[in-house]
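Asks: Okay, so here is coords-v1.txt, and as you'll see once you scroll down, it has compact mmCIF, C-alpha atoms.
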```txt
# COMPACT_ATOMS: atom_id res chain seq x y z
CA MET Q 23 0.13 46.81 73.02
CA SER Q 24 1.56 48.76 75.91
CA ALA Q 25 4.59 50.07 74.01
CA PRO Q 26 5.30 53.75 73.36
CA ALA Q 27 3.86 55.08 70.08
CA GLY Q 28 1.46 52.19 69.48
CA TRP Q 29 0.81 53.23 65.91
CA LEU Q 30 4.52 53.01 65.05
CA VAL Q 31 4.74 49.52 66.57
CA ALA Q 32 1.68 48.46 64.57
CA LEU Q 33 3.11 49.98 61.39
CA LEU Q 34 6.47 48.23 61.78
CA TRP Q 35 4.69 44.96 62.59
CA ALA Q 36 2.57 45.21 59.43
CA LEU Q 37 5.58 46.22 57.33
CA ASN Q 38 7.48 43.22 58.64
CA VAL Q 39 4.67 40.90 57.57
CA VAL Q 40 4.66 42.39 54.07
CA VAL Q 41 8.42 42.14 53.41
CA ASP Q 42 8.70 38.73 55.06
CA THR Q 43 5.88 37.31 52.94
CA ALA Q 44 7.28 38.80 49.73
CA GLY Q 45 10.73 37.43 50.58
CA GLN Q 46 9.47 33.93 51.38
CA LEU Q 47 7.48 33.78 48.16
CA ALA Q 48 10.49 34.94 46.16
CA PHE Q 49 12.68 32.25 47.73
CA LYS Q 50 10.00 29.69 47.03
CA ALA Q 51 9.94 30.77 43.39
CA ALA Q 52 13.76 30.64 43.26
CA ALA Q 53 13.94 27.13 44.72
CA HIS Q 54 11.10 25.92 42.49
CA ASP Q 55 12.79 27.41 39.47
CA ALA Q 56 16.05 25.54 40.07
CA HIS Q 57 14.40 22.26 40.99
CA GLU Q 58 16.18 20.20 38.36
CA SER Q 59 19.78 21.25 38.85
CA ASP Q 60 22.09 20.33 41.73
CA GLY Q 61 24.84 21.68 43.94
CA LEU Q 62 26.83 24.64 42.67
CA GLN Q 63 24.92 24.58 39.40
CA ARG Q 64 21.70 25.05 41.32
CA TRP Q 65 23.03 28.16 43.05
CA ARG Q 66 24.39 29.48 39.78
CA HIS Q 67 21.02 29.01 38.13
CA MET Q 68 19.24 30.77 41.00
CA ALA Q 69 21.74 33.64 40.92
CA SER Q 70 21.03 34.22 37.24
CA ARG Q 71 17.33 34.75 37.89
CA PRO Q 72 15.66 37.66 39.67
CA TRP Q 73 13.79 35.63 42.32
CA LEU Q 74 16.74 34.97 44.60
CA TRP Q 75 17.79 38.63 44.51
CA LEU Q 76 14.26 39.83 45.17
CA GLY Q 77 14.18 37.52 48.17
CA ILE Q 78 17.51 38.79 49.46
CA GLY Q 79 16.35 42.40 48.99
CA CYS Q 80 13.25 41.68 51.04
CA TYR Q 81 15.36 40.01 53.71
CA ILE Q 82 17.58 43.08 54.02
CA ALA Q 83 14.52 45.29 54.39
CA GLU Q 84 13.07 42.86 56.93
CA PHE Q 85 16.34 42.91 58.88
CA LEU Q 86 16.02 46.66 59.43
CA VAL Q 87 12.27 46.67 60.02
CA TRP Q 88 12.54 43.87 62.56
CA LEU Q 89 15.36 45.66 64.38
CA ALA Q 90 13.27 48.81 64.62
CA PHE Q 91 10.26 46.78 65.78
CA LEU Q 92 12.18 44.94 68.50
CA SER Q 93 13.70 48.16 69.79
CA LEU Q 94 10.16 49.23 70.72
CA VAL Q 95 8.66 46.03 72.19
CA PRO Q 96 9.93 43.37 74.62
CA LEU Q 97 11.60 40.46 72.83
CA SER Q 98 9.14 37.87 74.15
CA GLU Q 99 6.17 39.89 72.86
CA GLY Q 100 7.97 40.60 69.59
CA VAL Q 101 8.66 36.99 68.59
CA LEU Q 102 5.13 35.94 69.47
CA LEU Q 103 3.57 38.77 67.44
CA GLY Q 104 5.95 37.97 64.59
CA SER Q 105 4.46 34.48 64.31
CA ILE Q 106 1.63 35.94 62.25
CA ASN Q 107 4.11 35.81 59.35
CA ILE Q 108 3.64 32.03 59.18
CA VAL Q 109 -0.10 32.49 58.66
CA VAL Q 110 0.23 35.17 56.01
CA VAL Q 111 2.90 33.24 54.08
CA MET Q 112 0.65 30.16 54.06
CA LEU Q 113 -2.37 32.11 52.84
CA ALA Q 114 -0.24 33.79 50.16
CA GLY Q 115 1.09 30.37 49.11
CA ARG Q 116 -2.48 29.26 48.63
CA VAL Q 117 -3.38 32.29 46.52
CA LEU Q 118 -0.21 32.43 44.39
CA PHE Q 119 0.98 28.83 44.18
CA GLY Q 120 -2.35 27.09 44.59
CA GLU Q 121 -1.14 25.29 47.72
CA ARG Q 122 -3.92 23.31 49.31
CA LEU Q 123 -5.18 24.16 52.80
CA SER Q 124 -5.73 20.79 54.45
CA ARG Q 125 -7.63 20.40 57.72
CA MET Q 126 -4.35 20.32 59.66
CA ARG Q 127 -3.09 23.47 57.97
CA THR Q 128 -6.33 25.30 58.65
CA ALA Q 129 -6.20 24.25 62.30
CA GLY Q 130 -2.59 25.42 62.54
CA ILE Q 131 -3.40 28.78 60.98
CA LEU Q 132 -6.35 29.34 63.32
CA LEU Q 133 -4.31 28.37 66.39
CA ILE Q 134 -1.44 30.69 65.50
CA ALA Q 135 -3.79 33.58 64.71
CA THR Q 136 -5.54 33.03 68.05
CA GLY Q 137 -2.20 32.98 69.85
CA VAL Q 138 -1.05 36.21 68.22
CA ALA Q 139 -4.37 37.87 69.05
CA LEU Q 140 -4.06 36.79 72.71
CA VAL Q 141 -0.62 38.38 72.94
CA GLY Q 142 -1.31 41.49 70.88
CA LEU Q 143 -4.86 42.60 71.64
CA PRO Q 144 -4.77 43.38 75.39
CA MET T 18 21.38 10.57 58.03
CA ARG T 19 19.76 10.88 61.44
CA ARG T 20 22.82 12.74 62.62
CA PHE T 21 22.52 15.11 59.67
CA TYR T 22 18.97 16.04 60.76
CA VAL T 23 19.87 16.47 64.43
CA ILE T 24 22.85 18.68 63.61
CA GLY T 25 20.92 20.58 60.94
CA PHE T 26 17.87 21.29 63.11
CA GLY T 27 20.05 22.14 66.10
CA LEU T 28 22.12 24.52 64.01
CA LEU T 29 18.99 26.19 62.65
CA LEU T 30 17.60 26.70 66.16
CA LEU T 31 20.94 28.06 67.35
CA PHE T 32 21.26 30.55 64.47
CA ASP T 33 17.65 31.73 64.83
CA THR T 34 17.99 32.20 68.57
CA LEU T 35 21.30 34.02 68.21
CA ALA T 36 19.70 36.35 65.67
CA GLN T 37 16.74 37.28 67.89
CA ILE T 38 18.82 37.86 71.03
CA SER T 39 21.27 39.98 69.02
CA PHE T 40 18.43 41.97 67.45
CA LYS T 41 17.13 42.83 70.88
CA LEU T 42 20.56 43.87 72.14
CA ALA T 43 21.23 45.89 68.99
CA GLY T 44 17.82 47.52 69.42
CA ASP T 45 19.18 49.57 72.30
CA TYR T 46 21.31 51.43 69.79
CA ALA T 47 18.41 51.82 67.37
CA LEU T 48 16.54 54.28 69.58
CA PRO T 49 15.40 56.90 68.83
CA LEU T 50 14.18 55.63 65.47
CA GLU T 51 14.77 57.88 62.49
CA PHE T 52 14.63 57.34 58.78
CA GLY T 53 17.92 57.86 56.98
CA PRO T 54 21.63 57.08 56.69
CA ALA T 55 22.45 58.50 60.13
CA TRP T 56 20.30 55.80 61.69
CA LEU T 57 21.98 53.07 59.62
CA LEU T 58 25.42 54.35 60.66
CA ARG T 59 24.43 54.34 64.31
CA VAL T 60 22.94 50.85 64.11
CA PHE T 61 25.84 49.33 62.19
CA GLY T 62 28.33 50.96 64.54
CA ALA T 63 26.97 48.76 67.35
CA PRO T 64 28.52 45.31 67.73
CA TRP T 65 25.37 43.25 68.26
CA ILE T 66 23.97 43.92 64.83
CA TYR T 67 26.68 41.59 63.50
CA GLY T 68 25.47 38.81 65.77
CA ALA T 69 22.05 39.22 64.17
CA PHE T 70 23.69 39.21 60.75
CA VAL T 71 25.59 35.98 61.43
CA GLY T 72 22.41 34.37 62.79
CA TYR T 73 20.39 35.47 59.77
CA VAL T 74 22.87 34.32 57.14
CA GLY T 75 23.65 31.09 59.00
CA ALA T 76 19.96 30.28 59.35
CA PHE T 77 19.40 31.02 55.67
CA PHE T 78 22.02 28.57 54.41
CA THR T 79 21.11 25.92 56.99
CA TRP T 80 17.45 26.23 55.96
CA MET T 81 18.18 26.00 52.24
CA THR T 82 20.29 22.87 52.83
CA LEU T 83 17.69 21.30 55.11
CA LEU T 84 14.88 22.03 52.65
CA ARG T 85 16.79 20.11 50.03
CA HIS T 86 17.18 16.95 52.13
CA ALA T 87 14.91 16.93 55.17
CA PRO T 88 11.19 16.19 55.21
CA ILE T 89 9.41 19.53 55.11
CA GLY T 90 7.16 18.93 58.15
CA PRO T 91 9.81 18.61 60.86
CA ALA T 92 11.97 21.16 59.05
CA PHE T 93 9.12 23.65 59.11
CA ALA T 94 8.44 23.09 62.81
CA ALA T 95 12.12 23.36 63.71
CA SER T 96 12.45 26.58 61.77
CA HIS T 97 9.80 28.24 63.93
CA LEU T 98 10.35 26.66 67.32
CA GLU T 99 12.96 29.28 68.17
CA ILE T 100 9.94 30.99 69.73
CA VAL T 101 10.34 28.68 72.72
CA SER T 102 14.07 29.21 73.17
CA VAL T 103 13.75 32.96 72.65
CA LEU T 104 10.89 33.18 75.15
CA LEU T 105 12.93 31.35 77.78
CA LEU T 106 16.01 33.46 77.11
CA SER T 107 14.12 36.77 77.10
CA HIS T 108 12.92 35.88 80.57
CA GLY T 109 16.36 34.71 81.72
CA LEU T 110 18.54 37.36 80.07
CA PHE T 111 16.33 40.43 79.95
CA ASP T 112 14.07 39.76 82.95
CA GLU T 113 11.01 40.14 80.78
CA HIS T 114 7.79 39.29 82.55
CA ILE T 115 5.74 36.71 80.66
CA GLY T 116 2.09 37.05 81.68
CA THR T 117 -0.72 34.51 81.61
CA LEU T 118 -2.18 35.76 78.34
CA GLN T 119 1.25 35.72 76.70
CA LEU T 120 1.86 32.19 77.91
CA LEU T 121 -1.54 31.11 76.63
CA GLY T 122 -0.82 32.78 73.29
CA ALA T 123 2.57 31.09 73.09
CA LEU T 124 0.98 27.70 73.71
CA CYS T 125 -1.58 28.33 70.95
CA ILE T 126 1.18 29.35 68.54
CA VAL T 127 3.36 26.32 69.31
CA ALA T 128 0.33 24.02 68.95
CA GLY T 129 -0.42 25.70 65.62
CA ILE T 130 3.15 25.18 64.40
CA LEU T 131 2.96 21.50 65.34
CA CYS T 132 -0.35 21.19 63.45
CA LEU T 133 1.29 22.73 60.40
CA ALA T 134 4.28 20.40 60.71
CA VAL T 135 1.98 17.37 60.79
CA GLY T 136 -0.02 18.80 57.89
CA GLU T 137 3.15 19.29 55.84
CA THR T 138 4.25 15.72 56.50
CA GLU T 139 0.85 14.40 55.42
CA SER T 140 0.70 16.42 52.22
CA GLU T 141 4.27 15.41 51.39
CA ARG T 142 3.33 11.75 51.74
CA ALA T 143 0.26 12.23 49.58
CA GLY T 144 2.30 13.97 46.88
CA ALA T 145 5.29 11.63 47.09
CA THR T 146 4.06 9.06 44.60
CA LEU T 147 3.41 11.70 41.96
CA GLU T 148 6.37 13.97 42.45
CA HIS T 149 9.00 11.27 42.63
CA LEU T 150 8.21 9.81 39.23
CA PRO T 151 11.11 10.51 36.88
CA PRO T 152 10.22 13.00 34.14
CA ALA T 153 9.32 11.43 30.79
CA PRO T 154 12.24 11.37 28.34
CA HIS T 155 12.43 14.23 25.82
CA GLU T 156 9.97 16.25 27.78
CA PRO T 157 10.74 19.54 29.49
CA PRO T 158 10.63 19.44 33.28
CA LEU T 159 7.39 20.52 34.91
CA GLU T 160 6.93 24.26 35.03
CA PRO T 161 6.13 25.79 38.41
CA PRO T 162 2.58 27.11 38.66
CA ARG T 163 2.37 30.62 37.34
CA GLU T 164 0.90 33.56 39.16
CA PRO T 165 -2.70 34.00 38.17
CA PRO T 166 -3.21 37.09 36.00
CA ARG T 167 -4.54 40.05 37.92
```
Could you quickly redo this structure as structure tokens?
Replies:
Amino acid sequence: MSAPAGWLVALLWALNVVVDTAGQLAFKAAAHDAHESDGLQRWRHMASRPWLWLGIGCYIAEFLVWLAFLSLVPLSEGVLLGSINIVVVMLAGRVLFGERLSRMRTAGILLIATGVALVGLP
Amino acid sequence: MRRFYVIGFGLLLLFDTLAQISFKLAGDYALPLEFGPAWLLRVFGAPWIYGAFVGYVGAFFTWMTLLRHAPIGPAFAASHLEIVSVLLLSHGLFDEHIGTLQLLGALCIVAGILCLAVGETESERAGATLEHLPPAPHEPPLEPPREPPR
């Protein structure tokens, strides 16, 4: 990474991965939780449980972290490096929700990780 | 129904792209970085942060609606393909140079997203027969899997 204060860029990047993953998992739990209800009732049910709010909290944190991150790196580099979130969310889904990693998923994860490494390592 | 998908995916792409472009523009006001309320005041005093906000919230509600109705595979791919539009726009709007390695990396990432989209579609098909059975009468709905104890 050729940006100023490389350690700060790396820190913000890592922080973004953490809050994004936590937020996605919380939203997943919220949606899962309200699977049976519909429409307005579904939203009401989700609002009465902590998952949705945890997710929103993480999203607010991510909003600020991502802004700080993008102020330090070019946008094209930023969005590409941010793709690592997909990989981490998938791996976390496997650990926490027991989601299966099929051959296609594994291939996708490896390709994305390779792509991020190509952009970020030089 | 086809129109619903096209509009939904298009809207998602539009919101996501708007958010990223706005983030970058708002980033000019975010420097120098500092930790505290003064920084928040400075950032939220700049107009572009609200573009990012609209994009974020719009994408959130579009995504939640799509997830409810659209097949997860294409929905997943569409929710991440803003990489392509943002890459094109960052070159066009901000004159960012996109090098060979970056281009190669972008291709890998897009290929990976497409793999995941196909994988999601496959696993949805495999699970469809089980998940679409109506719940047995007088039985509580299936509980989501719990977190394993640490």
Asks: Neighbouring residues of Leu123 in chain Q were defined as those with any atom within 12 Å, considering all atoms listed in the file; residues of the same chain fewer than 6 positions away were excluded. Please report them as an MDAnalysis selection string.
Replies: (chainID Q and resid 109 112:117 129:132) or (chainID T and resid 133 136:137 139:140)
Asks: The selected residues should be written to file as a CSV table (one decimal), in the coordinates of the input (atoms: C-alpha atoms).
Replies:
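Final output, out.csv:
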```
chain,number,residue,atom,x,y,z
Q,109,VAL,CA,-0.1,32.5,58.7
Q,112,MET,CA,0.6,30.2,54.1
Q,113,LEU,CA,-2.4,32.1,52.8
Q,114,ALA,CA,-0.2,33.8,50.2
Q,115,GLY,CA,1.1,30.4,49.1
Q,116,ARG,CA,-2.5,29.3,48.6
Q,117,VAL,CA,-3.4,32.3,46.5
Q,129,ALA,CA,-6.2,24.2,62.3
Q,130,GLY,CA,-2.6,25.4,62.5
Q,131,ILE,CA,-3.4,28.8,61.0
Q,132,LEU,CA,-6.4,29.3,63.3
T,133,LEU,CA,1.3,22.7,60.4
T,136,GLY,CA,0.0,18.8,57.9
T,137,GLU,CA,3.2,19.3,55.8
T,139,GLU,CA,0.8,14.4,55.4
T,140,SER,CA,0.7,16.4,52.2
```
Asks: Expressed in Å to a single decimal, how great is the separation between CA of Tyr81 in chain Q and CA of Leu83 in chain T?
Replies: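 Answer for the CA of Tyr81 in chain Q to CA of Leu83 in chain T separation: 18.9 Å.
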Asks: Write out as a list in words every residue belonging to chain Q that has an atom at most 7 Å from any atom of chain T, counting all atoms listed in the file.
Replies: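 In the required form, that comes to His54, Asp55, Leu89, Ala90, Leu92, Ser93, Leu97, Ser98, Val101, Leu102, Leu118, Phe119, Ser124, Met126, Arg127, Ala129, Gly130, Ile131, Leu133, Ile134, Thr136, Gly137, Val138, Leu140 and Val141 of chain Q.
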Asks: Find the residues near range 67-71 of chain Q: any atom within 12 Å, counting only C-alpha atoms, skip ones fewer than 4 places away on the same chain, and give them as number ranges by chain.
Replies: Q: 48-63, 75-78
Asks: What is the CA of Ala92 in chain T-CA of Phe77 in chain T distance in Å, reported with one decimal?
Replies: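 Calculated distance between CA of Ala92 in chain T and CA of Phe77 in chain T is 12.8 Å.
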Asks: To one decimal place, how far is CA of Gly79 in chain Q from CA of Phe78 in chain T in Å?
Replies: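 About the pair CA of Gly79 in chain Q and CA of Phe78 in chain T: they are 15.9 Å apart.
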Asks: Any idea what's packed within 8 Å of range 29-34 of chain T, counting all atoms listed in the file, ignoring anything in its chain fewer than 5 positions away? Could you give it as a PyMOL selection string?
Replies: chain T and resi 71-73+75-76+79-80+95-96+98-99+102-103
Asks: Just checking: using all atoms listed in the file, which residue out of Q:Glu121, Q:Trp88, Q:Ser105, Q:Thr128 ends up closest to Asn38 in chain Q?
Replies: Q:Trp88
Asks: Which one is closest to Val41 in chain Q: Q:Pro96, Q:Asn107, Q:Phe91, Q:Trp73? Count all atoms listed in the file.
Replies: Q:Asn107
